[in-house]
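Undergrad: Below is query.cif; it holds mmCIF, C-alpha atoms; chains and numbers go by the auth columns.
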```
data_work
#
loop_
_atom_site.group_PDB
_atom_site.id
_atom_site.type_symbol
_atom_site.label_atom_id
_atom_site.label_comp_id
_atom_site.label_asym_id
_atom_site.label_seq_id
_atom_site.Cartn_x
_atom_site.Cartn_y
_atom_site.Cartn_z
_atom_site.B_iso_or_equiv
_atom_site.auth_seq_id
_atom_site.auth_asym_id
ATOM 1 C CA MET A 1 96.374 105.512 82.817 0.00 24 A
ATOM 2 C CA SER A 2 97.425 107.716 85.713 0.00 25 A
ATOM 3 C CA LYS A 3 98.268 111.353 84.974 0.00 26 A
ATOM 4 C CA PHE A 4 100.676 111.479 87.928 0.00 27 A
ATOM 5 C CA THR A 5 104.204 111.455 86.461 0.00 28 A
ATOM 6 C CA PRO A 6 107.416 110.774 88.420 0.00 29 A
ATOM 7 C CA LYS A 7 108.326 114.442 87.987 0.00 30 A
ATOM 8 C CA SER A 8 105.047 115.701 89.495 0.00 31 A
ATOM 9 C CA ILE A 9 105.356 113.265 92.401 0.00 32 A
ATOM 10 C CA LEU A 10 108.923 114.403 93.123 0.00 33 A
ATOM 11 C CA ILE A 11 107.861 118.070 93.077 0.00 34 A
ATOM 12 C CA LEU A 12 104.977 117.332 95.462 0.00 35 A
ATOM 13 C CA LEU A 13 107.166 115.432 97.919 0.00 36 A
ATOM 14 C CA ILE A 14 109.730 118.251 97.979 0.00 37 A
ATOM 15 C CA VAL A 15 107.495 121.335 97.959 0.00 38 A
ATOM 16 C CA LEU A 16 104.883 120.406 100.593 0.00 39 A
ATOM 17 C CA PRO A 17 107.345 119.639 103.412 0.00 40 A
ATOM 18 C CA THR A 18 109.412 122.733 102.510 0.00 41 A
ATOM 19 C CA ILE A 19 106.376 125.024 102.776 0.00 42 A
ATOM 20 C CA ASN A 20 105.504 123.642 106.176 0.00 43 A
ATOM 21 C CA ILE A 21 109.054 123.823 107.508 0.00 44 A
ATOM 22 C CA LEU A 22 109.001 127.529 106.684 0.00 45 A
ATOM 23 C CA ASN A 23 105.683 127.918 108.504 0.00 46 A
ATOM 24 C CA ALA A 24 106.682 125.851 111.553 0.00 47 A
ATOM 25 C CA LYS A 25 107.113 127.742 114.787 0.00 48 A
ATOM 26 C CA SER A 26 110.462 127.466 116.575 0.00 49 A
ATOM 27 C CA ASP A 27 109.337 127.557 120.218 0.00 50 A
ATOM 28 C CA TYR A 28 108.108 123.972 120.589 0.00 51 A
ATOM 29 C CA PRO A 29 107.726 122.626 123.203 0.00 52 A
ATOM 30 C CA ASN A 30 106.968 125.340 125.765 0.00 53 A
ATOM 31 C CA TRP A 31 109.400 125.001 128.695 0.00 54 A
ATOM 32 C CA HIS A 32 107.629 127.594 130.860 0.00 55 A
ATOM 33 C CA ASP A 33 106.476 125.009 133.415 0.00 56 A
ATOM 34 C CA THR A 34 105.872 121.277 133.712 0.00 57 A
ATOM 35 C CA SER A 35 102.149 121.500 132.965 0.00 58 A
ATOM 36 C CA THR A 36 102.441 123.435 129.677 0.00 59 A
ATOM 37 C CA PHE A 37 105.384 121.262 128.594 0.00 60 A
ATOM 38 C CA GLN A 38 103.401 118.064 129.132 0.00 61 A
ATOM 39 C CA THR A 39 100.320 119.488 127.426 0.00 62 A
ATOM 40 C CA GLY A 40 102.373 120.288 124.325 0.00 63 A
ATOM 41 C CA LEU A 41 103.811 116.787 124.081 0.00 64 A
ATOM 42 C CA ARG A 42 100.381 115.213 124.528 0.00 65 A
ATOM 43 C CA SER A 43 99.264 117.218 121.504 0.00 66 A
ATOM 44 C CA ALA A 44 102.272 115.953 119.552 0.00 67 A
ATOM 45 C CA ALA A 45 101.303 112.366 120.397 0.00 68 A
ATOM 46 C CA LEU A 46 98.011 112.903 118.543 0.00 69 A
ATOM 47 C CA ILE A 47 99.731 112.877 115.146 0.00 70 A
ATOM 48 C CA SER A 48 103.188 111.375 115.712 0.00 71 A
ATOM 49 C CA ASN A 49 102.069 107.761 115.442 0.00 72 A
ATOM 50 C CA LEU A 50 99.046 107.662 113.111 0.00 73 A
ATOM 51 C CA PRO A 51 98.617 104.367 111.211 0.00 74 A
ATOM 52 C CA ASN A 52 97.778 104.021 107.547 0.00 75 A
ATOM 53 C CA ALA A 53 94.049 104.382 106.961 0.00 76 A
ATOM 54 C CA GLY A 54 93.471 100.910 105.558 0.00 77 A
ATOM 55 C CA GLY A 55 95.542 98.564 103.408 0.00 78 A
ATOM 56 C CA GLU A 56 95.669 98.675 99.609 0.00 79 A
ATOM 57 C CA ASP A 57 95.930 96.216 96.726 0.00 80 A
ATOM 58 C CA HIS A 58 99.333 97.613 95.726 0.00 81 A
ATOM 59 C CA TYR A 59 102.937 96.737 96.523 0.00 82 A
ATOM 60 C CA LEU A 60 104.414 100.074 97.618 0.00 83 A
ATOM 61 C CA GLY A 61 103.295 103.529 98.681 0.00 84 A
ATOM 62 C CA LEU A 62 105.107 106.842 99.098 0.00 85 A
ATOM 63 C CA SER A 63 103.307 109.610 100.960 0.00 86 A
ATOM 64 C CA THR A 64 103.747 113.099 102.310 0.00 87 A
ATOM 65 C CA SER A 65 101.552 114.627 104.993 0.00 88 A
ATOM 66 C CA ILE A 66 100.760 117.998 106.505 0.00 89 A
ATOM 67 C CA ASN A 67 100.042 117.698 110.221 0.00 90 A
ATOM 68 C CA LEU A 68 98.634 120.462 112.396 0.00 91 A
ATOM 69 C CA ILE A 69 98.563 120.288 116.187 0.00 92 A
ATOM 70 C CA PRO A 70 96.881 122.854 118.464 0.00 93 A
ATOM 71 C CA ASN A 71 98.897 125.123 120.728 0.00 94 A
ATOM 72 C CA GLY A 72 96.255 126.891 122.804 0.00 95 A
ATOM 73 C CA SER A 73 96.052 130.652 122.328 0.00 96 A
ATOM 74 C CA ASP A 74 99.282 130.644 120.271 0.00 97 A
ATOM 75 C CA GLY A 75 97.632 128.972 117.298 0.00 98 A
ATOM 76 C CA ALA A 76 98.995 125.698 115.916 0.00 99 A
ATOM 77 C CA TYR A 77 102.186 123.914 114.873 0.00 100 A
ATOM 78 C CA TYR A 78 102.783 122.513 111.394 0.00 101 A
ATOM 79 C CA THR A 79 104.764 119.274 111.188 0.00 102 A
ATOM 80 C CA PRO A 80 105.459 117.814 107.711 0.00 103 A
ATOM 81 C CA ALA A 81 106.191 114.100 107.351 0.00 104 A
ATOM 82 C CA ALA A 82 107.154 111.591 104.665 0.00 105 A
ATOM 83 C CA ARG A 83 106.271 107.891 104.798 0.00 106 A
ATOM 84 C CA PHE A 84 107.229 104.780 102.834 0.00 107 A
ATOM 85 C CA SER A 85 104.744 101.896 103.005 0.00 108 A
ATOM 86 C CA ILE A 86 104.944 98.262 101.929 0.00 109 A
ATOM 87 C CA TYR A 87 101.804 96.217 101.196 0.00 110 A
ATOM 88 C CA PRO A 88 103.073 92.591 101.115 0.00 111 A
ATOM 89 C CA ASN A 89 99.553 91.178 100.735 0.00 112 A
ATOM 90 C CA PRO A 90 96.074 92.743 100.518 0.00 113 A
ATOM 91 C CA GLY A 91 95.083 93.859 103.995 0.00 114 A
ATOM 92 C CA TYR A 92 98.653 93.998 105.333 0.00 115 A
ATOM 93 C CA ASN A 93 100.869 97.052 105.498 0.00 116 A
ATOM 94 C CA LEU A 94 104.129 98.129 107.084 0.00 117 A
ATOM 95 C CA TRP A 95 105.552 101.632 107.124 0.00 118 A
ATOM 96 C CA ALA A 96 108.531 103.776 108.042 0.00 119 A
ATOM 97 C CA GLN A 97 108.157 107.523 108.611 0.00 120 A
ATOM 98 C CA PHE A 98 110.341 110.597 108.983 0.00 121 A
ATOM 99 C CA ALA A 99 108.988 113.959 110.190 0.00 122 A
ATOM 100 C CA HIS A 100 110.264 117.462 110.921 0.00 123 A
ATOM 101 C CA TRP A 101 109.329 119.089 114.253 0.00 124 A
ATOM 102 C CA PRO A 102 109.487 122.819 115.088 0.00 125 A
ATOM 103 C CA ALA A 103 112.165 123.806 117.597 0.00 126 A
ATOM 104 C CA ASP A 104 115.006 126.264 118.141 0.00 127 A
ATOM 105 C CA ASN A 105 117.398 123.496 117.087 0.00 128 A
ATOM 106 C CA PRO A 106 116.532 121.050 114.296 0.00 129 A
ATOM 107 C CA SER A 107 114.207 118.349 115.621 0.00 130 A
ATOM 108 C CA PHE A 108 112.896 115.291 113.828 0.00 131 A
ATOM 109 C CA SER A 109 111.161 111.981 114.426 0.00 132 A
ATOM 110 C CA VAL A 110 111.411 108.466 113.049 0.00 133 A
ATOM 111 C CA GLY A 111 108.897 105.688 113.420 0.00 134 A
ATOM 112 C CA THR A 112 107.506 102.486 112.006 0.00 135 A
ATOM 113 C CA GLY A 113 104.431 100.304 112.325 0.00 136 A
ATOM 114 C CA ILE A 114 102.454 97.335 111.059 0.00 137 A
ATOM 115 C CA GLN A 115 98.740 96.811 110.503 0.00 138 A
ATOM 116 C CA VAL A 116 96.681 93.727 109.640 0.00 139 A
ATOM 117 C CA GLU A 117 93.109 93.906 108.367 0.00 140 A
ATOM 118 C CA PHE A 118 90.449 91.229 108.628 0.00 141 A
ATOM 119 C CA PRO A 119 87.483 90.670 106.296 0.00 142 A
ATOM 120 C CA GLY A 120 84.264 92.250 107.491 0.00 143 A
ATOM 121 C CA GLU A 121 80.773 90.851 107.236 0.00 144 A
ATOM 122 C CA ASN A 122 80.681 92.063 103.636 0.00 145 A
ATOM 123 C CA GLN A 123 82.948 93.778 101.133 0.00 146 A
ATOM 124 C CA GLU A 124 81.855 97.203 102.336 0.00 147 A
ATOM 125 C CA THR A 125 83.274 96.887 105.861 0.00 148 A
ATOM 126 C CA MET A 126 86.845 96.612 107.095 0.00 149 A
ATOM 127 C CA GLN A 127 88.468 96.023 110.460 0.00 150 A
ATOM 128 C CA GLY A 128 92.050 95.751 111.569 0.00 151 A
ATOM 129 C CA ILE A 129 94.595 95.959 114.371 0.00 152 A
ATOM 130 C CA GLY A 130 98.130 97.282 114.494 0.00 153 A
ATOM 131 C CA ILE A 131 101.095 98.430 116.536 0.00 154 A
ATOM 132 C CA SER A 132 103.515 101.286 115.900 0.00 155 A
ATOM 133 C CA TRP A 133 106.289 103.276 117.544 0.00 156 A
ATOM 134 C CA ASN A 134 107.712 106.740 117.032 0.00 157 A
ATOM 135 C CA THR A 135 110.548 108.716 118.641 0.00 158 A
ATOM 136 C CA ILE A 136 110.846 112.500 118.495 0.00 159 A
ATOM 137 C CA TYR A 137 114.450 113.676 118.912 0.00 160 A
ATOM 138 C CA GLY A 138 113.886 117.138 120.319 0.00 161 A
ATOM 139 C CA ASP A 139 115.994 119.899 121.797 0.00 162 A
ATOM 140 C CA ALA A 140 116.905 118.578 125.293 0.00 163 A
ATOM 141 C CA TYR A 141 114.251 115.813 125.292 0.00 164 A
ATOM 142 C CA ASN A 142 113.220 112.570 123.576 0.00 165 A
ATOM 143 C CA GLN A 143 109.575 111.599 123.191 0.00 166 A
ATOM 144 C CA ARG A 144 108.873 107.906 122.690 0.00 167 A
ATOM 145 C CA ASP A 145 105.378 106.774 121.725 0.00 168 A
ATOM 146 C CA ILE A 146 104.364 103.133 121.395 0.00 169 A
ATOM 147 C CA SER A 147 100.779 102.631 120.221 0.00 170 A
ATOM 148 C CA VAL A 148 98.339 99.826 119.646 0.00 171 A
ATOM 149 C CA HIS A 149 95.231 100.536 117.612 0.00 172 A
ATOM 150 C CA ALA A 150 92.022 99.032 116.256 0.00 173 A
ATOM 151 C CA LEU A 151 90.347 100.164 113.046 0.00 174 A
ATOM 152 C CA TYR A 152 86.775 99.827 111.860 0.00 175 A
ATOM 153 C CA GLY A 153 85.733 101.327 108.559 0.00 176 A
ATOM 154 C CA PHE A 154 83.510 101.280 105.511 0.00 177 A
ATOM 155 C CA SER A 155 84.219 101.314 101.795 0.00 178 A
ATOM 156 C CA ARG A 156 81.986 102.996 99.219 0.00 179 A
ATOM 157 C CA GLY A 157 83.634 102.677 95.838 0.00 180 A
ATOM 158 C CA SER A 158 86.744 104.888 95.835 0.00 181 A
ATOM 159 C CA LEU A 159 85.822 106.356 99.238 0.00 182 A
ATOM 160 C CA ASP A 160 86.861 104.835 102.585 0.00 183 A
ATOM 161 C CA PHE A 161 85.934 106.202 106.007 0.00 184 A
ATOM 162 C CA GLY A 162 85.897 104.987 109.569 0.00 185 A
ATOM 163 C CA LEU A 163 87.313 105.274 113.070 0.00 186 A
ATOM 164 C CA ILE A 164 90.635 104.274 114.646 0.00 187 A
ATOM 165 C CA ALA A 165 90.903 103.818 118.421 0.00 188 A
ATOM 166 C CA MET A 166 94.445 104.166 119.791 0.00 189 A
ATOM 167 C CA LEU A 167 96.139 103.404 123.113 0.00 190 A
ATOM 168 C CA ASP A 168 99.434 105.291 123.315 0.00 191 A
ATOM 169 C CA MET A 169 102.198 104.561 125.840 0.00 192 A
ATOM 170 C CA HIS A 170 103.981 107.852 126.104 0.00 193 A
ATOM 171 C CA HIS A 171 107.543 108.036 127.581 0.00 194 A
ATOM 172 C CA ILE A 172 109.503 111.301 127.930 0.00 195 A
ATOM 173 C CA LEU A 173 113.245 111.603 128.661 0.00 196 A
ATOM 174 C CA ILE A 174 114.455 115.120 129.549 0.00 197 A
ATOM 175 C CA GLU A 175 117.903 116.580 130.189 0.00 198 A
ATOM 176 C CA ASN A 176 118.444 117.117 133.921 0.00 199 A
ATOM 177 C CA SER A 177 119.367 120.776 133.450 0.00 200 A
ATOM 178 C CA ARG A 178 115.836 121.629 132.289 0.00 201 A
ATOM 179 C CA GLY A 179 114.250 121.122 135.724 0.00 202 A
ATOM 180 C CA ILE A 180 111.406 118.902 134.461 0.00 203 A
ATOM 181 C CA PRO A 181 111.516 115.215 135.488 0.00 204 A
ATOM 182 C CA ASP A 182 111.193 112.267 133.127 0.00 205 A
ATOM 183 C CA TYR A 183 107.683 110.825 133.084 0.00 206 A
ATOM 184 C CA ASP A 184 105.344 108.251 131.548 0.00 207 A
ATOM 185 C CA GLU A 185 101.694 108.552 130.507 0.00 208 A
ATOM 186 C CA THR A 186 99.079 106.359 128.895 0.00 209 A
ATOM 187 C CA LEU A 187 96.973 108.247 126.380 0.00 210 A
ATOM 188 C CA LEU A 188 93.701 107.348 124.659 0.00 211 A
ATOM 189 C CA GLN A 189 92.585 108.876 121.392 0.00 212 A
ATOM 190 C CA ALA A 190 90.010 108.441 118.642 0.00 213 A
ATOM 191 C CA VAL A 191 90.835 109.106 114.986 0.00 214 A
ATOM 192 C CA PRO A 192 87.969 109.596 112.517 0.00 215 A
ATOM 193 C CA TYR A 193 89.331 109.373 108.973 0.00 216 A
ATOM 194 C CA ILE A 194 88.267 109.541 105.349 0.00 217 A
ATOM 195 C CA SER A 195 90.306 108.652 102.271 0.00 218 A
ATOM 196 C CA TRP A 196 89.650 109.003 98.565 0.00 219 A
ATOM 197 C CA MET A 197 91.364 106.956 95.838 0.00 220 A
ATOM 198 C CA LEU A 198 92.301 109.072 92.823 0.00 221 A
ATOM 199 C CA LEU A 199 92.964 107.572 89.380 0.00 222 A
ATOM 200 C CA ASP A 200 93.754 104.136 90.836 0.00 223 A
ATOM 201 C CA GLN A 201 97.271 105.146 91.987 0.00 224 A
ATOM 202 C CA ALA A 202 96.896 108.066 94.366 0.00 225 A
ATOM 203 C CA LYS A 203 95.084 108.405 97.676 0.00 226 A
ATOM 204 C CA LEU A 204 94.136 111.541 99.583 0.00 227 A
ATOM 205 C CA SER A 205 93.433 111.049 103.308 0.00 228 A
ATOM 206 C CA PHE A 206 92.092 113.285 106.070 0.00 229 A
ATOM 207 C CA SER A 207 92.401 112.281 109.740 0.00 230 A
ATOM 208 C CA LEU A 208 91.140 114.115 112.816 0.00 231 A
ATOM 209 C CA PRO A 209 92.916 112.623 115.854 0.00 232 A
ATOM 210 C CA LEU A 210 91.407 113.830 119.116 0.00 233 A
ATOM 211 C CA ASP A 211 91.461 113.259 122.866 0.00 234 A
ATOM 212 C CA VAL A 212 90.112 115.063 125.930 0.00 235 A
ATOM 213 C CA GLU A 213 92.368 118.063 125.223 0.00 236 A
ATOM 214 C CA GLY A 214 91.095 118.641 121.699 0.00 237 A
ATOM 215 C CA PRO A 215 91.619 117.695 118.030 0.00 238 A
ATOM 216 C CA ALA A 216 94.527 117.814 115.618 0.00 239 A
ATOM 217 C CA LEU A 217 94.504 117.428 111.819 0.00 240 A
ATOM 218 C CA SER A 218 96.479 115.330 109.347 0.00 241 A
ATOM 219 C CA ILE A 219 96.216 115.577 105.554 0.00 242 A
ATOM 220 C CA ALA A 220 98.179 112.982 103.573 0.00 243 A
ATOM 221 C CA TYR A 221 98.781 112.316 99.890 0.00 244 A
ATOM 222 C CA GLU A 222 100.018 108.826 98.975 0.00 245 A
ATOM 223 C CA TYR A 223 101.252 107.666 95.570 0.00 246 A
ATOM 224 C CA LEU A 224 100.698 103.906 95.210 0.00 247 A
ATOM 225 C CA ILE A 225 102.946 101.807 93.017 0.00 248 A
ATOM 226 C CA ASP A 226 102.131 98.710 90.937 0.00 249 A
ATOM 227 C CA ARG A 227 98.664 97.325 91.659 0.00 250 A
ATOM 228 C CA ARG A 228 98.303 93.538 91.823 0.00 251 A
ATOM 229 C CA LYS A 229 96.663 91.902 88.840 0.00 252 A
#
```
Let me see the structure of the file written as structure tokens.

TA:
Amino acid sequence: MSKFTPKSILILLIVLPTINILNAKSDYPNWHDTSTFQTGLRSAALISNLPNAGGEDHYLGLSTSINLIPNGSDGAYYTPAARFSIYPNPGYNLWAQFAHWPADNPSFSVGTGIQVEFPGENQETMQGIGISWNTIYGDAYNQRDISVHALYGFSRGSLDFGLIAMLDMHHILIENSRGIPDYDETLLQAVPYISWMLLDQAKLSFSLPLDVEGPALSIAYEYLIDRRK
């Protein structure tokens, strides 16, 4: 029987995002010039739209994540997120996510996605495809990311690991008074990941999304509810 009680789960979901909100910097993004502004939002796209790392044989999942994105010589930004996932059948999952973003004024993002997995050549391999979208409602800008991805992974008992390839269509809307024009970009990224199932109801995942400008880091804890018989 799992040792994770509803009380411990509630404490975890409340405390982790609170710690990271306190640590989050308030000067994101950098409006100094167009180049640094765009570089900052590319970094945000690394972790704003990450899919679930594989489906599960459960009905529901509730997760919290700690995301860290690089900010050049200024260090890194911490962005906490919470996600609710539905697993209607083994190999299928849908999710909705809410995240806090650092800024002078409160900023947040909402997103959703779907992923379908296909049987591999044996029980130790997995592959899947998915699509997701996410919008960051920032101070004087909106960042819209629509992504398609492909997953290929391996399963070794309670340990899963693999690689996700993502194509991100990146659309930025900016207030005219800021002096930076609206723009669109297409971004490519690779996401190595590893996840570990704990006590049949909890999963700890580490993802390292990266592109030509460098890596980010996402650490997620998911509590899974009601395994299928």

Undergrad: Could you list, as a PyMOL selection string, every residue matched by the PyMOL selection byres ((chain A and resi 80) around 6) in this structure?

TA: chain A and resi 79+81+113+250

Undergrad: Please produce a file of those selected residues containing C-alpha atoms, as a compact mmCIF listing (two decimals), in the coordinates of the input.

TA:
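Contents of selection.txt, as written:
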```txt
# COMPACT_ATOMS: atom_id res chain seq x y z
CA GLU A 79 95.67 98.68 99.61
CA HIS A 81 99.33 97.61 95.73
CA PRO A 113 96.07 92.74 100.52
CA ARG A 250 98.66 97.32 91.66
```

Undergrad: Tell me which of A:Gly202, A:Pro129, A:Gly134, A:Gly78 sits closest to A:Arg106, counting all atoms listed in the file.

TA: A:Gly134

Undergrad: Provide the atom CA of A:Gly114 to atom CA of A:Asp249 distance in Å, to one decimal place.

TA: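 According to the coordinates, atom CA of A:Gly114 and atom CA of A:Asp249 are separated by 15.6 Å.
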
Undergrad: Selection in question (the file shown): the PyMOL selection byres ((chain A and resi 72) around 9). Which residues does it include, as an NGL selection string?

TA: :A and (68-71 or 73-74 or 134-136 or 155-157 or 168-170 or 191)

Undergrad: Care to translate the PyMOL selection byres ((chain A and resi 194) around 8) into actual residues of this file, as a PyMOL selection string?

TA: chain A and resi 166-168+192-193+195-196+205-208

Undergrad: Closest to A:Ala105 among A:Asp56, A:Asp234, A:Glu245, A:Asp162, using all atoms listed in the file?

TA: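 Closest to A:Ala105, using all atoms listed in the file: A:Glu245.
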
Undergrad: Under the rule that only C-alpha atoms are counted, which of A:Leu190, A:Leu182, A:Ala76, A:Ala243 is the nearest residue to A:Ile137?

TA: A:Ala76

Undergrad: A:Thr148, A:Asn165, A:Asn128, A:Thr62: which is nearest A:Gly180, counting only C-alpha atoms?

TA: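 Smallest distance to A:Gly180 is found for A:Thr148.
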
Undergrad: Compile the contact shell of A:Ile109 as a ChimeraX atom specification: residues with an atom at most 10 Å away, counting only C-alpha atoms, same-chain residues fewer than 4 positions apart removed.

TA: /A:78-79,81-85,115-119,137,247-248

Undergrad: Could you check the closest approach to A:Gly185 for each of A:Pro215, A:Gly237, A:Pro232, A:Gly153 and tell me which residue wins, using all atoms listed in the file?

TA: A:Pro215
